[in-house]
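Listing of protein-v3.txt, compact mmCIF, C-alpha atoms and all ligand atoms
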# COMPACT_ATOMS: atom_id res chain seq x y z
CA MET A 1 125.50 76.54 73.75
CA THR A 2 127.64 74.02 75.64
CA ASP A 3 127.88 70.37 74.60
CA THR A 4 126.02 69.37 77.76
CA ALA A 5 123.14 71.70 76.92
CA ARG A 6 123.05 70.50 73.30
CA ASP A 7 123.04 66.86 74.41
CA LEU A 8 120.29 67.52 76.91
CA ARG A 9 118.10 69.18 74.29
CA SER A 10 118.56 66.55 71.63
CA HIS A 11 118.25 63.62 74.04
CA PHE A 12 114.85 64.79 75.31
CA GLY A 13 113.71 66.50 72.09
CA LEU A 14 113.50 69.96 73.72
CA THR A 15 113.35 73.33 71.99
CA THR A 16 115.02 75.18 74.91
CA ILE A 17 116.82 74.25 78.11
CA PRO A 18 114.37 73.79 80.99
CA PHE A 19 114.86 74.90 84.62
CA THR A 20 116.92 77.96 83.77
CA ARG A 21 116.72 81.19 85.76
CA GLU A 22 115.59 83.34 82.86
CA ILE A 23 111.96 82.40 82.59
CA ALA A 24 109.88 84.78 80.47
CA VAL A 25 106.82 86.11 82.28
CA GLU A 26 104.56 84.56 79.62
CA ASP A 27 106.19 81.15 80.22
CA ARG A 28 105.95 81.30 83.97
CA TRP A 29 104.11 78.69 85.96
CA PRO A 30 100.79 80.38 86.77
CA ALA A 31 100.10 78.44 89.98
CA PRO A 32 97.31 79.44 92.40
CA LEU A 33 99.85 79.83 95.19
CA PHE A 34 101.12 83.01 93.54
CA ASP A 35 97.64 84.43 92.85
CA GLU A 36 96.87 85.79 96.29
CA PRO A 37 100.18 87.59 96.93
CA LEU A 38 100.17 88.92 93.37
CA ALA A 39 96.63 90.27 93.61
CA ALA A 40 97.28 91.80 97.03
CA LEU A 41 100.49 93.53 95.92
CA ARG A 42 98.73 94.84 92.87
CA ALA A 43 95.81 96.15 94.90
CA THR A 44 98.24 97.89 97.27
CA LEU A 45 99.94 99.66 94.37
CA GLU A 46 96.58 100.62 92.90
CA GLN A 47 95.89 102.42 96.17
CA ARG A 48 99.28 104.14 95.86
CA MET A 49 100.61 102.44 98.93
CA SER A 50 103.74 100.43 99.69
CA ALA A 51 104.22 96.74 100.38
CA LEU A 52 106.64 94.10 101.58
CA LEU A 53 107.33 90.69 100.05
CA VAL A 54 109.23 88.47 102.47
CA ALA A 55 110.02 84.82 101.68
CA PRO A 56 113.02 82.49 101.72
CA SER A 57 115.53 82.52 98.90
CA GLY A 58 114.43 80.48 95.90
CA THR A 59 110.67 80.68 96.51
CA GLY A 60 109.85 82.94 93.57
CA LYS A 61 110.08 86.55 94.80
CA THR A 62 111.98 87.95 91.84
CA VAL A 63 109.75 86.18 89.32
CA LEU A 64 106.71 87.51 91.22
CA LEU A 65 108.06 91.07 91.05
CA ARG A 66 108.57 90.69 87.31
CA THR A 67 105.05 89.32 86.97
CA LEU A 68 103.66 92.19 89.04
CA ARG A 69 105.46 94.65 86.82
CA SER A 70 103.95 93.06 83.72
CA CYS A 71 100.44 93.33 85.23
CA LEU A 72 100.71 97.10 85.72
CA PRO A 73 99.56 98.99 82.60
CA GLU A 74 102.41 101.03 81.11
CA ALA A 75 100.03 103.88 80.42
CA ARG A 76 99.52 104.35 84.14
CA TYR A 77 102.64 103.15 85.97
CA ARG A 78 106.33 103.86 85.79
CA VAL A 79 107.93 100.85 87.42
CA ASN A 80 111.56 101.03 88.47
CA TYR A 81 113.32 97.87 89.62
CA VAL A 82 116.57 97.83 91.62
CA LYS A 83 118.41 94.81 92.94
CA LEU A 84 120.56 95.56 95.94
CA THR A 85 123.88 94.81 97.45
CA PRO A 86 125.09 96.60 100.60
CA LEU A 87 125.16 100.25 99.67
CA SER A 88 125.70 103.63 101.22
CA LYS A 89 122.85 106.16 101.14
CA ARG A 90 124.45 107.94 98.23
CA ASP A 91 124.99 104.71 96.31
CA LEU A 92 121.40 103.70 96.90
CA CYS A 93 120.20 107.01 95.48
CA ARG A 94 122.48 106.53 92.50
CA GLU A 95 121.20 103.01 91.89
CA ILE A 96 117.62 104.21 92.06
CA GLY A 97 118.51 107.12 89.81
CA LEU A 98 120.05 104.78 87.26
CA ALA A 99 117.00 102.52 87.35
CA CYS A 100 114.85 105.57 86.69
CA GLY A 101 117.10 106.89 83.91
CA LEU A 102 118.09 110.07 85.78
CA ASP A 103 121.11 112.32 85.85
CA ILE A 104 122.71 111.07 89.02
CA ASN A 105 125.54 113.25 90.23
CA GLY A 106 126.00 114.99 93.53
CA ALA A 107 126.21 114.32 97.24
CA TYR A 108 123.54 112.35 99.08
CA PRO A 109 121.18 115.23 100.01
CA VAL A 110 121.27 116.55 96.45
CA LEU A 111 120.59 113.10 95.03
CA MET A 112 117.70 112.53 97.42
CA ARG A 113 116.16 115.84 96.39
CA LYS A 114 116.59 114.96 92.71
CA LEU A 115 114.85 111.63 93.22
CA GLN A 116 111.98 113.24 95.11
CA ASP A 117 111.57 115.82 92.35
CA ALA A 118 111.74 113.14 89.66
CA PHE A 119 109.06 111.01 91.30
CA CYS A 120 106.84 114.04 91.88
CA SER A 121 107.13 115.15 88.29
CA GLN A 122 106.42 111.65 86.99
CA ALA A 123 103.24 111.79 88.99
CA ASP A 124 102.37 115.40 88.10
CA ASP A 125 103.50 115.77 84.48
CA ASP A 126 103.06 112.34 83.00
CA GLY A 127 100.20 111.28 85.23
CA LEU A 128 102.19 108.10 85.85
CA ARG A 129 102.28 106.41 89.20
CA PRO A 130 105.89 105.78 90.16
CA VAL A 131 106.59 102.38 91.67
CA LEU A 132 109.99 101.42 93.04
CA MET A 133 110.70 97.71 93.51
CA ILE A 134 113.77 96.95 95.62
CA ASP A 135 114.80 93.33 95.40
CA GLU A 136 117.15 91.74 97.95
CA SER A 137 116.21 94.52 100.39
CA GLN A 138 117.60 92.51 103.30
CA GLU A 139 120.98 93.74 102.08
CA LEU A 140 120.09 97.34 102.89
CA ARG A 141 121.96 98.89 105.76
CA PRO A 142 119.52 100.06 108.46
CA ASP A 143 120.48 103.72 108.08
CA VAL A 144 120.02 103.40 104.33
CA LEU A 145 116.68 101.65 104.64
CA ALA A 146 115.55 104.46 106.96
CA THR A 147 116.14 106.99 104.19
CA LEU A 148 113.60 105.26 101.93
CA ARG A 149 110.95 106.88 104.07
CA LEU A 150 112.03 110.17 102.52
CA LEU A 151 111.03 108.90 99.13
CA THR A 152 107.51 108.03 100.17
CA ASN A 153 107.14 111.21 102.16
CA PHE A 154 106.09 114.24 100.16
CA ASP A 155 104.50 117.51 101.25
CA MET A 156 104.36 116.48 104.89
CA ASP A 157 102.71 113.16 104.02
CA SER A 158 99.75 114.81 102.31
CA ARG A 159 100.52 113.11 99.00
CA LEU A 160 101.11 109.48 98.21
CA VAL A 161 103.42 109.75 95.24
CA LEU A 162 105.77 106.80 95.22
CA SER A 163 104.84 103.21 96.01
CA LEU A 164 107.64 101.02 97.30
CA VAL A 165 107.76 97.25 97.06
CA LEU A 166 110.51 95.85 99.26
CA ALA A 167 111.35 92.20 98.62
CA GLY A 168 113.76 90.12 100.65
CA ASP A 169 114.30 87.09 102.84
CA SER A 170 113.53 86.85 106.57
CA ARG A 171 116.42 89.19 107.38
CA LEU A 172 114.30 92.00 105.92
CA ARG A 173 111.59 91.20 108.44
CA SER A 174 114.11 91.31 111.31
CA LEU A 175 115.54 94.53 109.98
CA LEU A 176 112.13 96.18 109.95
CA ASP A 177 111.54 95.09 113.54
CA ARG A 178 114.21 97.52 114.66
CA ALA A 179 112.82 100.46 116.62
CA ASP A 180 114.63 103.01 114.43
CA LEU A 181 112.91 101.59 111.35
CA GLU A 182 109.40 101.93 112.67
CA PRO A 183 108.63 104.88 110.35
CA VAL A 184 109.45 102.67 107.35
CA ARG A 185 107.55 99.70 108.75
CA ARG A 186 104.46 101.85 109.30
CA ARG A 187 104.45 102.80 105.63
CA MET A 188 104.09 99.21 104.53
CA ALA A 189 100.39 98.72 103.89
CA HIS A 190 100.65 95.04 102.95
CA PHE A 191 102.89 92.18 103.94
CA ALA A 192 103.01 89.41 101.31
CA SER A 193 104.78 86.12 101.59
CA LEU A 194 105.50 83.01 99.51
CA ARG A 195 105.71 79.44 100.66
CA LEU A 196 107.48 76.27 99.65
CA LEU A 197 105.72 73.91 97.22
CA SER A 198 103.95 70.72 98.23
CA ARG A 199 104.94 67.45 96.53
CA GLY A 200 101.98 67.77 94.14
CA GLU A 201 102.94 71.34 93.27
CA THR A 202 106.55 70.27 92.73
CA VAL A 203 105.40 67.78 90.07
CA GLU A 204 103.18 70.37 88.43
CA TYR A 205 106.04 72.85 88.41
CA MET A 206 108.45 70.36 86.85
CA GLN A 207 105.86 69.34 84.26
CA HIS A 208 105.24 72.96 83.37
CA ARG A 209 108.93 73.81 82.97
CA LEU A 210 109.47 70.78 80.75
CA ARG A 211 106.36 71.51 78.70
CA VAL A 212 107.38 75.11 77.96
CA ALA A 213 110.83 73.77 76.99
CA GLY A 214 109.11 71.65 74.32
CA ALA A 215 109.02 68.24 76.03
CA SER A 216 106.35 65.88 74.77
CA GLN A 217 106.84 63.45 77.69
CA PHE A 218 107.62 63.80 81.36
CA PRO A 219 110.79 61.77 82.00
CA PHE A 220 110.80 61.63 85.84
CA ASP A 221 109.24 58.51 87.36
CA SER A 222 107.32 58.58 90.62
CA GLN A 223 110.28 57.57 92.84
CA ALA A 224 112.43 60.20 91.13
CA ILE A 225 109.83 62.83 92.05
CA ASP A 226 109.81 61.59 95.65
CA ALA A 227 113.58 61.92 95.69
CA VAL A 228 113.48 65.43 94.21
CA TYR A 229 110.90 66.54 96.74
CA GLU A 230 112.72 64.97 99.66
CA ILE A 231 115.89 66.85 98.74
CA THR A 232 114.45 70.20 97.70
CA ARG A 233 111.47 70.40 100.09
CA GLY A 234 109.55 72.46 97.56
CA ASN A 235 112.15 75.17 97.04
CA LEU A 236 111.87 76.28 93.39
CA ARG A 237 115.53 77.13 92.89
CA ALA A 238 116.74 73.87 94.44
CA THR A 239 114.22 71.99 92.26
CA ASP A 240 115.60 73.78 89.19
CA HIS A 241 119.17 72.74 89.97
CA LEU A 242 118.36 69.15 90.82
CA ALA A 243 115.97 68.58 87.91
CA ARG A 244 118.39 70.09 85.42
CA LYS A 245 121.36 68.09 86.70
CA SER A 246 119.27 64.90 86.62
CA LEU A 247 118.31 65.57 83.00
CA GLU A 248 121.95 66.19 82.10
CA LEU A 249 123.07 62.93 83.68
CA ALA A 250 120.29 61.01 81.94
CA ALA A 251 121.37 62.51 78.61
CA GLN A 252 125.00 61.58 79.29
CA LYS A 253 124.07 57.99 80.10
CA GLY A 254 121.58 57.71 77.28
CA ALA A 255 118.84 56.88 79.81
CA PRO A 256 115.31 57.44 78.44
CA ALA A 257 113.83 58.13 81.89
CA ILE A 258 114.94 59.44 85.26
CA ASP A 259 114.66 57.25 88.34
CA ALA A 260 115.52 57.87 91.98
CA SER A 261 119.10 56.63 91.67
CA LEU A 262 119.76 59.14 88.89
CA VAL A 263 118.41 61.93 91.10
CA ALA A 264 120.66 60.73 93.94
CA SER A 265 123.66 60.81 91.59
CA ALA A 266 122.72 64.30 90.41
CA ARG A 267 122.59 65.50 93.99
CA GLN A 268 126.25 64.66 94.50
CA TYR A 269 127.17 67.41 92.05
CA LEU A 270 125.13 70.03 93.86
CA LEU A 271 125.28 71.78 97.21
CA LEU A 272 121.70 71.07 98.27
N1 LIG B 301 106.10 81.48 88.70
C1 LIG B 301 107.20 80.83 88.28
N2 LIG B 301 107.18 80.14 87.13
C2 LIG B 301 108.27 79.47 86.70
N3 LIG B 301 109.42 79.43 87.37
C3 LIG B 301 109.50 80.09 88.52
C4 LIG B 301 108.42 80.83 89.05
N4 LIG B 301 108.80 81.38 90.21
C5 LIG B 301 110.08 80.99 90.40
N5 LIG B 301 110.50 80.23 89.39
C6 LIG B 301 111.80 79.58 89.25
O1 LIG B 301 112.40 79.52 90.53
C7 LIG B 301 113.65 80.20 90.52
C8 LIG B 301 113.77 80.99 91.80
O2 LIG B 301 112.81 82.03 91.78
P1 LIG B 301 113.21 83.53 92.20
O3 LIG B 301 112.07 84.40 91.84
O4 LIG B 301 114.55 83.88 91.66
O5 LIG B 301 113.29 83.31 93.80
P2 LIG B 301 113.75 84.35 94.92
O6 LIG B 301 113.79 85.70 94.29
O7 LIG B 301 112.70 84.21 95.98
O8 LIG B 301 115.10 83.87 95.39
C9 LIG B 301 113.63 81.07 89.27
O9 LIG B 301 114.94 81.23 88.76
C10 LIG B 301 112.75 80.31 88.32
O10 LIG B 301 113.51 79.35 87.63
MG MG B 302 115.39 86.98 93.99
Would it be possible to restate this file's structure as structure tokens?
Amino acid sequence: MTDTARDLRSHFGLTTIPFTREIAVEDRWPAPLFDEPLAALRATLEQRMSALLVAPSGTGKTVLLRTLRSCLPEARYRVNYVKLTPLSKRDLCREIGLACGLDINGAYPVLMRKLQDAFCSQADDDGLRPVLMIDESQELRPDVLATLRLLTNFDMDSRLVLSLVLAGDSRLRSLLDRADLEPVRRRMAHFASLRLLSRGETVEYMQHRLRVAGASQFPFDSQAIDAVYEITRGNLRATDHLARKSLELAAQKGAPAIDASLVASARQYLLL
């Protein structure tokens, strides 16, 4: 642990560092705003169909995918998660293969066939429903995204074997609007989204993150919260960065509470 992190913990009497990226599913903030998209995505997978999750960066997509995964009983689902960077078709197949724990050699057509066989046998032999979550899907090249159709397409469409969940920012939406991607778009049976937090939700979120980090008091005063909200506009990731930096500065200065001027100082160290 760094000195800054140690100081922050001891100054505020915390058991862990709040506002970090690695939030355990059981510690997540279970806000109503996530309930509807979560339930709808789950229902789509239960019907063996595929879905989209499109929302701006920092609004909780990856955490929602992890939560969705934790809601699906292991006895019934085999969930494979891949996070993407721009890839060729072959690389995409390899990434998916790796996520599924498969032998992944060969040229693209061979790999595609291996993946199709693997998903079919998961469904046939183990009775498991294969789910493939692709995070940061906006990074997919259009020709590569088009090939995903081949994974959901078995026996001339007579079987629904694999469910896809594609998550990404608004570029994913634009990508799917392309005429050549219509076959993929048509396979998406649900379109989920996430929104920015209101001021009230921002406070609740900050309180929750501090509480699960062991805080017995909430150190931000009302003007500090206004300042946080004005800067972050309800974006969770931006709120994380600003709240954490404000706590660090308060610890450095030995300040017991965080006011608006401390938040303004914290902002100068961040690109928000
Ligand atoms: N339900 C949640 N509970 C607690 N923290 C969350 C939750 N959703 C998002 N976060 C926080 O917000 C940050 C950004 O969320 P993330 O899922 O990575 O957004 P996206 O994938 O849309 O860019 C996470 O690192 C986490 O700190
Ligand atoms: Mg993400």
Subject >> Counting only C-alpha atoms and all ligand atoms, the residue of A:Ala107, A:Ala5, A:Ala146, A:Ala24 that sits nearest ligand LIG 301 (chain B) >> reply: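 Checking each of A:Ala107, A:Ala5, A:Ala146, A:Ala24 against ligand LIG 301 (chain B), counting only C-alpha atoms and all ligand atoms, the winner is A:Ala24.
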**OP:** Step by step, measure atom-to-atom distances between ligand MG 302 (chain B) and each residue using all atoms listed in the file, keep those at most 10 Å, then write them as a PyMOL selection string.
**Re:** chain A and resi 55-65+83+135-137+167-169+237
Subject >> Which residue of A:His208, A:Arg233, A:Arg186, A:Arg78 approaches ligand LIG 301 (chain B) most closely, using all atoms listed in the file >> reply: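 When distances to ligand LIG 301 (chain B) are compared using all atoms listed in the file, the smallest one comes from A:His208.
Coordinates place atom C9 of ligand LIG 301 (chain B) at a distance of 9.6 Å from CA of Thr239 in chain A.
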Original post:
Counting all atoms listed in the file, what is within 12 Å of Leu175 in chain A, bar same-chain residues fewer than 6 positions away, as a PyMOL selection string?
Top reply: chain A and resi 54+137-146+166+168-169+181-182+184-185
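Each of A:Thr232, A:Gln116, A:Gln207, A:Asn105 was checked against Leu151 in chain A using only C-alpha atoms; the smallest atom-to-atom distance is that of A:Gln116.
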**OP:** Find the residues near Gly106 in chain A: any atom within 12 Å, counting all atoms listed in the file, skip ones fewer than 3 places away on the same chain, and give them as a VMD selection string.
**Re:** chain A and resid 90 to 91 93 to 94 97 103 109 to 115
Could you please fill out range 243-269 of chain A with N, CA, C and O atoms and send it back as a PDB file, in the coordinates of the input?
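Writing the result to selection_22.pdb gives the following:
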ATOM      1  N   ALA A 243     116.640  69.123  89.102  1.00  0.00           N
ATOM      2  CA  ALA A 243     115.970  68.580  87.910  1.00  0.00           C
ATOM      3  C   ALA A 243     116.878  68.725  86.692  1.00  0.00           C
ATOM      4  O   ALA A 243     117.025  67.797  85.883  1.00  0.00           O
ATOM      5  N   ARG A 244     117.526  69.858  86.578  1.00  0.00           N
ATOM      6  CA  ARG A 244     118.390  70.090  85.420  1.00  0.00           C
ATOM      7  C   ARG A 244     119.583  69.133  85.435  1.00  0.00           C
ATOM      8  O   ARG A 244     119.927  68.531  84.418  1.00  0.00           O
ATOM      9  N   LYS A 245     120.202  68.980  86.601  1.00  0.00           N
ATOM     10  CA  LYS A 245     121.360  68.090  86.700  1.00  0.00           C
ATOM     11  C   LYS A 245     120.935  66.642  86.426  1.00  0.00           C
ATOM     12  O   LYS A 245     121.656  65.895  85.764  1.00  0.00           O
ATOM     13  N   SER A 246     119.756  66.255  86.882  1.00  0.00           N
ATOM     14  CA  SER A 246     119.270  64.900  86.620  1.00  0.00           C
ATOM     15  C   SER A 246     119.071  64.682  85.118  1.00  0.00           C
ATOM     16  O   SER A 246     119.420  63.622  84.575  1.00  0.00           O
ATOM     17  N   LEU A 247     118.517  65.683  84.455  1.00  0.00           N
ATOM     18  CA  LEU A 247     118.310  65.570  83.000  1.00  0.00           C
ATOM     19  C   LEU A 247     119.662  65.460  82.281  1.00  0.00           C
ATOM     20  O   LEU A 247     119.811  64.669  81.341  1.00  0.00           O
ATOM     21  N   GLU A 248     120.630  66.240  82.740  1.00  0.00           N
ATOM     22  CA  GLU A 248     121.950  66.190  82.100  1.00  0.00           C
ATOM     23  C   GLU A 248     122.586  64.805  82.253  1.00  0.00           C
ATOM     24  O   GLU A 248     123.138  64.258  81.291  1.00  0.00           O
ATOM     25  N   LEU A 249     122.484  64.256  83.456  1.00  0.00           N
ATOM     26  CA  LEU A 249     123.070  62.930  83.680  1.00  0.00           C
ATOM     27  C   LEU A 249     122.369  61.875  82.833  1.00  0.00           C
ATOM     28  O   LEU A 249     123.009  60.993  82.266  1.00  0.00           O
ATOM     29  N   ALA A 250     121.037  61.973  82.746  1.00  0.00           N
ATOM     30  CA  ALA A 250     120.290  61.010  81.940  1.00  0.00           C
ATOM     31  C   ALA A 250     120.738  61.102  80.474  1.00  0.00           C
ATOM     32  O   ALA A 250     120.927  60.081  79.806  1.00  0.00           O
ATOM     33  N   ALA A 251     120.917  62.331  80.004  1.00  0.00           N
ATOM     34  CA  ALA A 251     121.370  62.510  78.610  1.00  0.00           C
ATOM     35  C   ALA A 251     122.755  61.907  78.424  1.00  0.00           C
ATOM     36  O   ALA A 251     123.009  61.221  77.423  1.00  0.00           O
ATOM     37  N   GLN A 252     123.628  62.137  79.387  1.00  0.00           N
ATOM     38  CA  GLN A 252     125.000  61.580  79.290  1.00  0.00           C
ATOM     39  C   GLN A 252     124.990  60.063  79.220  1.00  0.00           C
ATOM     40  O   GLN A 252     125.746  59.452  78.484  1.00  0.00           O
ATOM     41  N   LYS A 253     124.107  59.464  80.032  1.00  0.00           N
ATOM     42  CA  LYS A 253     124.070  57.990  80.100  1.00  0.00           C
ATOM     43  C   LYS A 253     123.186  57.379  79.029  1.00  0.00           C
ATOM     44  O   LYS A 253     123.056  56.162  78.962  1.00  0.00           O
ATOM     45  N   GLY A 254     122.498  58.220  78.293  1.00  0.00           N
ATOM     46  CA  GLY A 254     121.580  57.710  77.280  1.00  0.00           C
ATOM     47  C   GLY A 254     120.351  57.060  77.902  1.00  0.00           C
ATOM     48  O   GLY A 254     119.697  56.220  77.279  1.00  0.00           O
ATOM     49  N   ALA A 255     120.018  57.459  79.136  1.00  0.00           N
ATOM     50  CA  ALA A 255     118.840  56.880  79.810  1.00  0.00           C
ATOM     51  C   ALA A 255     117.575  57.571  79.331  1.00  0.00           C
ATOM     52  O   ALA A 255     117.517  58.799  79.297  1.00  0.00           O
ATOM     53  N   PRO A 256     116.541  56.818  78.935  1.00  0.00           N
ATOM     54  CA  PRO A 256     115.310  57.440  78.440  1.00  0.00           C
ATOM     55  C   PRO A 256     114.480  58.095  79.544  1.00  0.00           C
ATOM     56  O   PRO A 256     113.729  59.032  79.289  1.00  0.00           O
ATOM     57  N   ALA A 257     114.642  57.602  80.787  1.00  0.00           N
ATOM     58  CA  ALA A 257     113.830  58.130  81.890  1.00  0.00           C
ATOM     59  C   ALA A 257     114.728  58.396  83.091  1.00  0.00           C
ATOM     60  O   ALA A 257     115.876  57.955  83.135  1.00  0.00           O
ATOM     61  N   ILE A 258     114.169  59.101  84.068  1.00  0.00           N
ATOM     62  CA  ILE A 258     114.940  59.440  85.260  1.00  0.00           C
ATOM     63  C   ILE A 258     114.334  58.742  86.475  1.00  0.00           C
ATOM     64  O   ILE A 258     113.154  58.928  86.770  1.00  0.00           O
ATOM     65  N   ASP A 259     115.142  57.929  87.135  1.00  0.00           N
ATOM     66  CA  ASP A 259     114.660  57.250  88.340  1.00  0.00           C
ATOM     67  C   ASP A 259     115.352  57.837  89.573  1.00  0.00           C
ATOM     68  O   ASP A 259     116.188  58.744  89.460  1.00  0.00           O
ATOM     69  N   ALA A 260     115.017  57.287  90.735  1.00  0.00           N
ATOM     70  CA  ALA A 260     115.520  57.870  91.980  1.00  0.00           C
ATOM     71  C   ALA A 260     117.043  57.799  92.075  1.00  0.00           C
ATOM     72  O   ALA A 260     117.678  58.710  92.626  1.00  0.00           O
ATOM     73  N   SER A 261     117.639  56.737  91.531  1.00  0.00           N
ATOM     74  CA  SER A 261     119.100  56.630  91.670  1.00  0.00           C
ATOM     75  C   SER A 261     119.798  57.706  90.812  1.00  0.00           C
ATOM     76  O   SER A 261     120.831  58.239  91.202  1.00  0.00           O
ATOM     77  N   LEU A 262     119.180  58.063  89.702  1.00  0.00           N
ATOM     78  CA  LEU A 262     119.760  59.140  88.890  1.00  0.00           C
ATOM     79  C   LEU A 262     119.676  60.483  89.637  1.00  0.00           C
ATOM     80  O   LEU A 262     120.614  61.289  89.616  1.00  0.00           O
ATOM     81  N   VAL A 263     118.559  60.695  90.319  1.00  0.00           N
ATOM     82  CA  VAL A 263     118.410  61.930  91.100  1.00  0.00           C
ATOM     83  C   VAL A 263     119.451  61.960  92.218  1.00  0.00           C
ATOM     84  O   VAL A 263     120.095  62.991  92.464  1.00  0.00           O
ATOM     85  N   ALA A 264     119.660  60.801  92.864  1.00  0.00           N
ATOM     86  CA  ALA A 264     120.660  60.730  93.940  1.00  0.00           C
ATOM     87  C   ALA A 264     122.055  61.022  93.389  1.00  0.00           C
ATOM     88  O   ALA A 264     122.851  61.726  94.031  1.00  0.00           O
ATOM     89  N   SER A 265     122.353  60.515  92.202  1.00  0.00           N
ATOM     90  CA  SER A 265     123.660  60.810  91.590  1.00  0.00           C
ATOM     91  C   SER A 265     123.774  62.307  91.291  1.00  0.00           C
ATOM     92  O   SER A 265     124.820  62.920  91.533  1.00  0.00           O
ATOM     93  N   ALA A 266     122.698  62.873  90.754  1.00  0.00           N
ATOM     94  CA  ALA A 266     122.720  64.300  90.410  1.00  0.00           C
ATOM     95  C   ALA A 266     122.999  65.148  91.644  1.00  0.00           C
ATOM     96  O   ALA A 266     123.744  66.129  91.602  1.00  0.00           O
ATOM     97  N   ARG A 267     122.438  64.734  92.756  1.00  0.00           N
ATOM     98  CA  ARG A 267     122.590  65.500  93.990  1.00  0.00           C
ATOM     99  C   ARG A 267     124.056  65.646  94.386  1.00  0.00           C
ATOM    100  O   ARG A 267     124.463  66.662  94.966  1.00  0.00           O
ATOM    101  N   GLN A 268     124.845  64.617  94.090  1.00  0.00           N
ATOM    102  CA  GLN A 268     126.250  64.660  94.500  1.00  0.00           C
ATOM    103  C   GLN A 268     127.031  65.779  93.825  1.00  0.00           C
ATOM    104  O   GLN A 268     128.097  66.149  94.283  1.00  0.00           O
ATOM    105  N   TYR A 269     126.483  66.312  92.738  1.00  0.00           N
ATOM    106  CA  TYR A 269     127.170  67.410  92.050  1.00  0.00           C
ATOM    107  C   TYR A 269     126.658  68.767  92.491  1.00  0.00           C
ATOM    108  O   TYR A 269     127.038  69.791  91.919  1.00  0.00           O
TER     109      TYR A 269
END
